[in-house]
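So this one's work32.cif, mmCIF, C-alpha atoms:
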```
data_query
#
loop_
_atom_site.label_atom_id
_atom_site.label_comp_id
_atom_site.auth_asym_id
_atom_site.auth_seq_id
_atom_site.Cartn_x
_atom_site.Cartn_y
_atom_site.Cartn_z
CA MET X 257 24.18 125.01 89.46
CA ASN X 258 21.18 122.82 90.20
CA GLN X 259 21.71 119.09 89.76
CA THR X 260 19.16 116.82 88.15
CA PRO X 261 17.93 113.91 90.25
CA LEU X 262 19.85 111.57 87.94
CA ALA X 263 23.13 113.51 88.35
CA ALA X 264 22.75 113.63 92.11
CA SER X 265 22.06 109.92 92.15
CA LEU X 266 25.16 109.18 90.08
CA LEU X 267 27.34 111.32 92.35
CA PHE X 268 26.00 109.53 95.41
CA ALA X 269 26.60 106.15 93.81
CA ALA X 270 30.20 107.07 92.91
CA ALA X 271 30.91 108.35 96.42
CA PHE X 272 29.35 105.24 97.95
CA ALA X 273 31.39 102.96 95.65
CA THR X 274 34.60 104.81 96.54
CA THR X 275 33.85 104.51 100.25
CA GLN X 276 33.12 100.83 99.86
CA ALA X 277 36.34 100.22 97.91
CA LEU X 278 38.49 102.06 100.44
CA GLY X 279 37.05 99.93 103.20
CA GLN X 280 37.93 96.63 101.53
CA ALA X 281 41.09 94.67 102.26
CA ALA X 282 41.49 93.73 98.57
CA PHE X 283 42.16 97.32 97.51
CA PRO X 284 45.24 99.46 98.19
CA PRO X 285 44.83 102.31 100.66
CA PRO X 286 44.36 105.84 99.38
CA PRO X 287 47.54 107.81 98.65
CA PRO X 288 48.81 109.80 101.62
CA LYS X 289 48.18 113.53 101.44
CA VAL X 290 51.88 113.99 102.20
CA SER X 291 54.38 111.28 101.29
CA PRO X 292 56.21 109.72 104.26
CA ALA X 293 59.34 110.09 102.09
CA ILE X 294 59.16 113.88 101.99
CA GLY X 295 62.60 115.35 102.61
CA VAL X 296 64.33 111.95 102.36
CA ILE X 297 67.65 111.50 100.56
CA ASP X 298 68.05 108.06 98.99
CA MET X 299 71.75 107.20 99.21
CA HIS X 300 71.58 104.13 96.95
CA THR X 301 69.65 104.12 93.67
CA HIS X 302 70.06 102.22 90.40
CA THR X 303 68.75 103.69 87.15
CA HIS X 304 69.17 103.56 83.39
CA PRO X 305 71.43 103.96 81.44
CA ASP X 306 72.91 100.69 82.69
CA VAL X 307 74.08 97.25 81.60
CA PHE X 308 71.68 95.60 84.04
CA GLY X 309 67.88 95.66 83.78
CA ARG X 310 66.45 98.80 85.38
CA ASN X 311 62.89 100.06 85.71
CA ILE X 312 63.49 103.82 85.39
CA ASP X 313 66.06 106.30 84.10
CA ASP X 314 67.79 109.17 85.88
CA ILE X 315 65.45 111.91 84.71
CA ASP X 316 62.23 109.99 85.34
CA LEU X 317 63.42 109.13 88.85
CA ALA X 318 64.26 112.79 89.52
CA THR X 319 60.78 113.80 88.32
CA LEU X 320 59.08 111.17 90.48
CA ALA X 321 61.22 111.85 93.55
CA LYS X 322 60.60 115.58 93.27
CA ALA X 323 56.85 114.99 92.98
CA ARG X 324 56.95 112.97 96.23
CA GLY X 325 58.82 115.77 97.99
CA MET X 326 62.13 113.94 98.35
CA ARG X 327 65.23 116.07 98.88
CA GLY X 328 67.47 114.06 96.58
CA PHE X 329 69.18 110.81 95.68
CA VAL X 330 72.53 109.28 94.74
CA ILE X 331 72.97 107.44 91.43
CA LYS X 332 75.07 104.28 91.63
CA ASN X 333 76.36 102.32 88.64
CA HIS X 334 78.58 99.26 88.98
CA ILE X 335 80.66 99.89 85.85
CA SER X 336 80.81 103.63 85.14
CA GLU X 337 80.99 106.99 86.89
CA THR X 338 77.71 108.80 87.54
CA ALA X 339 78.94 112.32 88.43
CA SER X 340 78.24 113.54 84.89
CA ARG X 341 74.78 111.97 84.85
CA ALA X 342 73.90 113.60 88.16
CA ALA X 343 74.85 117.04 86.83
CA LEU X 344 72.75 116.61 83.69
CA THR X 345 69.80 115.26 85.67
CA MET X 346 69.78 118.34 87.91
CA HIS X 347 69.83 120.52 84.80
CA ALA X 348 66.86 118.64 83.34
CA VAL X 349 64.86 118.51 86.60
CA PRO X 350 65.56 121.61 88.71
CA GLY X 351 64.58 121.58 92.35
CA ILE X 352 66.03 118.28 93.50
CA GLU X 353 69.56 117.31 94.58
CA VAL X 354 71.27 114.51 92.67
CA TRP X 355 74.75 113.10 93.30
CA GLY X 356 76.94 110.52 91.62
CA GLY X 357 80.24 108.79 92.11
CA ILE X 358 82.30 105.85 91.01
CA VAL X 359 82.41 102.12 91.83
CA LEU X 360 85.93 100.67 91.80
CA ASN X 361 85.27 97.59 89.69
CA ASN X 362 87.46 96.47 86.78
CA ALA X 363 85.68 98.65 84.21
CA VAL X 364 87.33 101.73 85.77
CA GLY X 365 90.62 100.01 86.52
CA GLY X 366 89.71 98.48 89.86
CA ILE X 367 91.40 100.08 92.85
CA ASN X 368 92.41 103.03 90.69
CA PRO X 369 93.31 106.39 92.29
CA THR X 370 93.39 108.08 88.90
CA ALA X 371 89.75 107.17 88.21
CA VAL X 372 88.74 108.72 91.56
CA GLU X 373 90.82 111.81 90.84
CA TRP X 374 89.07 112.43 87.54
CA MET X 375 85.58 111.56 88.81
CA HIS X 376 85.40 114.30 91.43
CA ARG X 377 86.45 116.92 88.86
CA PHE X 378 83.46 116.44 86.56
CA TYR X 379 81.43 119.51 85.59
CA GLY X 380 78.76 120.31 88.15
CA SER X 381 80.67 119.01 91.18
CA ARG X 382 78.15 116.23 91.70
CA GLY X 383 80.72 113.44 92.06
CA LYS X 384 80.67 112.62 95.76
CA VAL X 385 80.70 108.88 96.48
CA VAL X 386 83.55 106.39 96.06
CA TRP X 387 82.30 102.81 96.36
CA LEU X 388 84.79 100.01 96.85
CA PRO X 389 84.40 97.01 94.48
CA THR X 390 80.97 95.43 94.29
CA PHE X 391 80.23 92.41 92.07
CA GLU X 392 83.93 91.92 91.31
CA SER X 393 85.13 92.04 94.91
CA ASP X 394 86.70 88.93 96.39
CA LYS X 395 83.91 88.65 98.96
CA HIS X 396 81.19 88.89 96.32
CA VAL X 397 82.63 86.33 93.89
CA LYS X 398 83.34 83.87 96.70
CA THR X 399 79.82 84.30 98.14
CA PHE X 400 77.81 84.16 94.92
CA GLY X 401 80.24 82.33 92.63
CA LYS X 402 82.80 79.69 93.57
CA PRO X 403 84.57 79.54 96.95
CA ASP X 404 87.95 79.38 95.19
CA ALA X 405 87.22 82.37 92.93
CA LYS X 406 89.44 85.42 93.28
CA GLY X 407 88.24 89.00 93.10
CA LEU X 408 89.40 92.50 93.90
CA VAL X 409 90.75 93.15 97.39
CA VAL X 410 91.47 96.41 99.22
CA ALA X 411 92.93 95.24 102.54
CA PRO X 412 94.27 91.67 102.44
CA ASN X 413 95.14 90.35 105.87
CA GLY X 414 93.81 93.57 107.38
CA GLN X 415 96.42 95.74 105.65
CA VAL X 416 95.22 98.48 103.31
CA THR X 417 96.93 98.25 99.90
CA PRO X 418 99.01 101.19 98.60
CA GLU X 419 96.36 101.92 95.94
CA MET X 420 93.61 101.92 98.54
CA GLU X 421 95.69 104.20 100.75
CA ALA X 422 96.09 106.65 97.86
CA ILE X 423 92.33 106.64 97.28
CA LEU X 424 91.63 107.29 100.95
CA LYS X 425 93.93 110.31 100.78
CA ILE X 426 91.98 111.69 97.80
CA ILE X 427 88.69 111.10 99.61
CA ALA X 428 90.01 112.94 102.68
CA ARG X 429 91.46 115.81 100.66
CA GLU X 430 88.31 116.40 98.59
CA ASN X 431 85.86 115.59 101.41
CA LEU X 432 84.27 112.79 99.41
CA LEU X 433 82.17 109.96 100.83
CA LEU X 434 83.68 106.48 101.17
CA ALA X 435 81.21 103.62 100.65
CA THR X 436 82.60 100.18 101.37
CA GLY X 437 80.91 98.21 98.59
CA HIS X 438 80.95 94.41 98.72
CA VAL X 439 84.38 93.71 100.22
CA HIS X 440 85.11 91.28 103.05
CA PRO X 441 83.96 92.42 106.52
CA GLU X 442 87.57 92.34 107.73
CA GLU X 443 88.47 94.68 104.87
CA VAL X 444 85.62 97.01 105.82
CA VAL X 445 87.01 97.23 109.35
CA ALA X 446 90.56 97.86 108.11
CA VAL X 447 89.61 100.49 105.52
CA VAL X 448 87.34 102.40 107.90
CA LYS X 449 90.05 102.44 110.56
CA ARG X 450 92.68 103.65 108.10
CA GLY X 451 90.26 106.14 106.60
CA ARG X 452 89.71 107.73 109.98
CA GLU X 453 93.47 107.91 110.56
CA LEU X 454 93.90 109.70 107.23
CA GLY X 455 91.14 112.21 107.91
CA VAL X 456 88.21 110.76 105.95
CA LYS X 457 85.19 112.40 107.55
CA ASN X 458 82.33 110.57 105.86
CA MET X 459 82.10 106.78 105.56
CA ILE X 460 79.15 104.47 104.96
CA VAL X 461 79.19 100.66 105.12
CA THR X 462 77.21 99.52 102.10
CA HIS X 463 74.24 97.33 103.21
CA GLY X 464 76.50 96.22 106.02
CA LEU X 465 74.33 93.62 107.75
CA THR X 466 73.23 91.43 104.84
CA SER X 467 75.19 88.57 103.19
CA VAL X 468 77.71 90.87 101.54
CA PRO X 469 79.62 92.22 103.35
CA GLY X 470 78.00 90.44 106.33
CA LEU X 471 79.34 92.38 109.30
CA SER X 472 78.82 90.87 112.73
CA MET X 473 77.31 93.18 115.32
CA ALA X 474 80.73 93.40 116.98
CA GLN X 475 82.25 94.54 113.68
CA ALA X 476 79.38 96.98 113.16
CA LYS X 477 80.08 98.50 116.55
CA GLU X 478 83.78 98.74 115.71
CA VAL X 479 83.28 100.61 112.45
CA THR X 480 80.68 102.95 113.91
CA ALA X 481 83.10 103.71 116.75
CA ASN X 482 85.53 104.75 114.00
CA GLY X 483 83.01 107.18 112.52
CA ALA X 484 81.24 105.12 109.84
CA VAL X 485 77.50 104.62 109.51
CA ILE X 486 75.85 101.33 108.58
CA GLU X 487 73.52 101.33 105.58
CA VAL X 488 70.42 99.14 105.53
CA CYS X 489 68.61 98.96 102.19
CA TYR X 490 64.93 98.34 101.60
CA LEU X 491 65.96 95.88 98.87
CA GLN X 492 67.16 93.59 101.68
CA PHE X 493 63.70 93.81 103.29
CA LEU X 494 62.53 91.93 100.16
CA ALA X 495 65.34 89.33 100.09
CA GLY X 496 65.43 85.73 101.29
CA PRO X 497 64.28 82.33 100.01
CA ASN X 498 60.75 83.57 99.30
CA ALA X 499 61.82 86.77 97.52
CA PRO X 500 59.65 87.82 94.55
CA LEU X 501 62.70 88.27 92.28
CA ALA X 502 65.04 85.33 91.68
CA PHE X 503 68.31 87.18 92.29
CA LEU X 504 67.14 88.25 95.76
CA THR X 505 66.77 84.64 96.93
CA HIS X 506 70.57 84.50 97.25
CA TRP X 507 70.69 87.37 99.74
CA THR X 508 69.92 87.30 103.47
CA GLN X 509 66.81 89.22 104.45
CA ILE X 510 67.42 92.20 106.70
CA GLY X 511 64.06 93.76 107.50
CA ALA X 512 62.41 96.22 109.82
CA LYS X 513 62.88 93.95 112.86
CA GLN X 514 66.62 93.89 112.28
CA VAL X 515 66.64 97.67 111.84
CA ALA X 516 64.83 98.07 115.16
CA GLN X 517 67.46 95.90 116.83
CA ALA X 518 70.27 97.85 115.17
CA VAL X 519 68.75 101.10 116.42
CA LYS X 520 68.86 99.67 119.96
CA GLU X 521 72.45 98.42 119.66
CA LEU X 522 74.06 101.07 117.46
CA GLY X 523 71.74 104.08 117.70
CA ALA X 524 69.97 105.86 114.85
CA LYS X 525 72.92 108.23 114.41
CA SER X 526 74.97 105.25 113.18
CA LEU X 527 72.44 104.07 110.57
CA VAL X 528 71.19 105.09 107.14
CA ILE X 529 68.15 103.62 105.40
CA SER X 530 68.36 103.61 101.58
CA SER X 531 66.37 101.89 98.86
CA ASP X 532 68.95 100.10 96.59
CA LEU X 533 66.02 99.82 94.17
CA GLY X 534 65.72 100.29 90.42
CA GLN X 535 65.84 96.64 89.27
CA ALA X 536 63.58 95.58 86.39
CA GLY X 537 60.43 94.10 87.88
CA ASN X 538 60.79 95.90 91.20
CA MET X 539 58.89 98.87 92.65
CA THR X 540 60.06 102.45 92.27
CA HIS X 541 62.48 103.98 94.74
CA PRO X 542 59.96 106.37 96.41
CA ASP X 543 57.46 103.52 96.82
CA GLY X 544 60.17 101.43 98.48
CA LEU X 545 61.16 104.24 100.82
CA GLU X 546 57.53 104.78 101.83
CA ASN X 547 57.14 101.04 102.47
CA ALA X 548 60.33 100.99 104.52
CA ILE X 549 59.12 103.86 106.69
CA ASN X 550 55.75 102.23 107.29
CA ALA X 551 57.39 98.88 108.14
CA MET X 552 59.82 100.49 110.58
CA LYS X 553 57.05 102.41 112.32
CA LYS X 554 55.17 99.13 112.82
CA GLU X 555 58.27 97.81 114.60
CA GLY X 556 58.16 100.75 116.99
CA ILE X 557 60.91 102.88 115.44
CA SER X 558 60.14 106.51 116.16
CA ASP X 559 59.62 109.28 113.63
CA ALA X 560 62.60 111.04 115.20
CA ASP X 561 64.90 108.07 114.55
CA ILE X 562 63.56 107.67 111.01
CA ASP X 563 64.27 111.36 110.44
CA ILE X 564 67.86 110.85 111.59
CA MET X 565 68.43 107.74 109.45
CA MET X 566 66.78 108.98 106.25
CA ARG X 567 67.18 112.75 106.29
CA LYS X 568 69.78 114.03 108.73
CA ASN X 569 72.48 111.38 108.35
CA PRO X 570 72.38 111.39 104.53
CA ALA X 571 72.49 115.19 104.48
CA ARG X 572 75.54 115.19 106.76
CA LEU X 573 77.33 112.55 104.69
CA LEU X 574 76.77 114.59 101.53
CA GLY X 575 77.84 117.88 103.07
CA LEU X 576 74.39 119.47 103.29
CA SER X 577 72.86 121.29 106.19
CA SER X 578 70.32 119.08 107.93
#
```
Kindly return the structure encoded in the file as structure tokens.
Amino acid sequence: MNQTPLAASLLFAAAFATTQALGQAAFPPPPPKVSPAIGVIDMHTHTHPDVFGRNIDDIDLATLAKARGMRGFVIKNHISETASRAALTMHAVPGIEVWGGIVLNNAVGGINPTAVEWMHRFYGSRGKVVWLPTFESDKHVKTFGKPDAKGLVVAPNGQVTPEMEAILKIIARENLLLATGHVHPEEVVAVVKRGRELGVKNMIVTHGLTSVPGLSMAQAKEVTANGAVIEVCYLQFLAGPNAPLAFLTHWTQIGAKQVAQAVKELGAKSLVISSDLGQAGNMTHPDGLENAINAMKKEGISDADIDIMMRKNPARLLGLSS
């Protein structure tokens, strides 16, 4: 079809304007032809329905993650099981893997073996992760509340409680994934050690290097020697005194530089990079994962190590082929 001089002029002007915009620092870059997060499994997502402010629900996240080419994600909720939600989400959005689990806060009875026993039996077999207490753990309430506050404990004085022991046996028997939540670093060490003794194959230390739990590098090396992996979340990239969201100013920033150092000291096979996103006012999970990848590459972390930390390690922990 022949173009009129006016039409040709308008097309040229539009193309020129686009070129000019893409070359300016004040505009975002064009979208990548293939998302850096393709094939990634996000081990730590927050979504609605929830009691805390969230920016997306389960089904919308599944739709967005699938569109970006992600392999899957894990739904975490601090007060209720998410195995049932994961099963329904996969029914609503075929073609992406979604898992759930349970966080052992007071809403489910705290350190409650019965709650774990029922969670993994939910229809769809999507209940995989058992998180130790989070905002009601003794470490969390002492760190962010009052020093004399008392919260839930799983291994006082380095000794795993009988209830925690029973839960570890269920996790081992059903090949579930232990996530250490927000407990004291000494408790993390004790639970991981006992978990290995009881045959727990898959263990992840929830955002292990930030304020809560706040593992030292020596403790990180100890738990990885016992078979656990250390999680680093993109949410902690955004934390610190200058964080854009008020609640993040209370957390220690752990960014791409710290990840690069952890790769050197622990090795990529001992690390997982998740998002921990979903908070109202924050970016979406796939955007965060893409930002994390770009930031890590700027720190010299190789594509091969990123592949291990964001695709292969999560797949292994969830019982998938890598």
> For X:Gly356, which residue among X:Met420, X:Pro497, X:Asp306, X:Leu574 is the nearest when counting all atoms listed in the file?
Replying inline: X:Leu574
>> Given only C-alpha atoms as the basis, pick out the residue of X:Tyr490, X:Ile427, X:Thr301, X:Ala524 nearest to X:Ala560.
In response: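 Closest residue, counting only C-alpha atoms: X:Ala524.
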> What is the atom CA of X:Ala342-atom CA of X:Ser381 distance in Å, reported with one decimal?
Replying inline: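 So the two atoms, atom CA of X:Ala342 and atom CA of X:Ser381, lie 9.2 Å apart.
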> With all atoms listed in the file as the atoms that count, which of X:Pro350, X:Gly455, X:Gly357, X:Pro285 lies nearest to X:Val330?
Replying inline: X:Gly357
> Pick from X:Ala499, X:Met346, X:Val485, X:Met539: nearest to X:Met565, with all atoms listed in the file counted?
Replying inline: X:Val485
> Mind telling me what the PyMOL selection byres ((chain X and resi 511) around 9) catches here, as a PyMOL selection string?
Replying inline: chain X and resi 488-490+492-495+509-510+512-516+548+551-552
>> Between atom CA of X:Asn361 and atom CA of X:Asn458, what is the distance in Å, rounded to a tenth?
In response: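 We find that atom CA of X:Asn361 and atom CA of X:Asn458 lie 20.9 Å from each other.
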>> Nearest residue to X:Ala321 out of X:Asn498, X:Ser577, X:Asn362, X:Ser291, using all atoms listed in the file?
In response: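 Among the listed residues, X:Ser291 lies closest to X:Ala321.
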> For the file shown, what are the residues hit by the PyMOL selection byres ((chain X and resi 459-476) around 6), laid out as a PyMOL selection string?
Replying inline: chain X and resi 433-441+458+477-479+484-489+507-508
>> What would the selection look like, as a PyMOL selection string, if the PyMOL selection byres ((chain X and resi 302-304) around 12) were run on the coordinates I just shared?
In response: chain X and resi 298-301+305-318+329-336+338+341-342+345+356+491+530-536+538-541
> From the list X:His396, X:Arg324, X:Lys553, X:Lys449, which residue is nearest X:Gly414 when using all atoms listed in the file?
Replying inline: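 Nearest candidate to X:Gly414 out of X:His396, X:Arg324, X:Lys553, X:Lys449: X:Lys449.
Excluding X:Lys322 itself and any same-chain residue fewer than 5 positions from it, the protein and nucleic acid residues within 8 Å of it, counting all atoms listed in the file, are Arg327, Gly328, Gly351 and Ile352 of chain X.
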> Can you tell me, as a ChimeraX atom specification, what residues are no more than 7 Å from X:Gly295 when counting all atoms listed in the file, ignoring any on the same chain fewer than 3 positions away?
Replying inline: /X:325-327,567
I need the residues from that last selection saved to file as a PDB file, in the frame of the given file (with C-alpha atoms), if you can.
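Output file part_20.pdb follows:
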```pdb
ATOM      1  CA  GLY X 325      58.820 115.770  97.990  1.00  0.00           C
ATOM      2  CA  MET X 326      62.130 113.940  98.350  1.00  0.00           C
ATOM      3  CA  ARG X 327      65.230 116.070  98.880  1.00  0.00           C
ATOM      4  CA  ARG X 567      67.180 112.750 106.290  1.00  0.00           C
TER       5      ARG X 567
END
```
> What does the distance between atom CA of X:Lys525 and atom CA of X:Asn482 come to in Å, to one decimal place?
Replying inline: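 Separation of atom CA of X:Lys525 and atom CA of X:Asn482: 13.1 Å.
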> What residues have an atom no more than 8 Å from (84.5, 96.2, 91.5) in the file's own frame, counting all atoms listed in the file, and can you write them as a VMD selection string?
Replying inline: chain X and resid 334 to 335 359 to 363 366 388 to 393 408
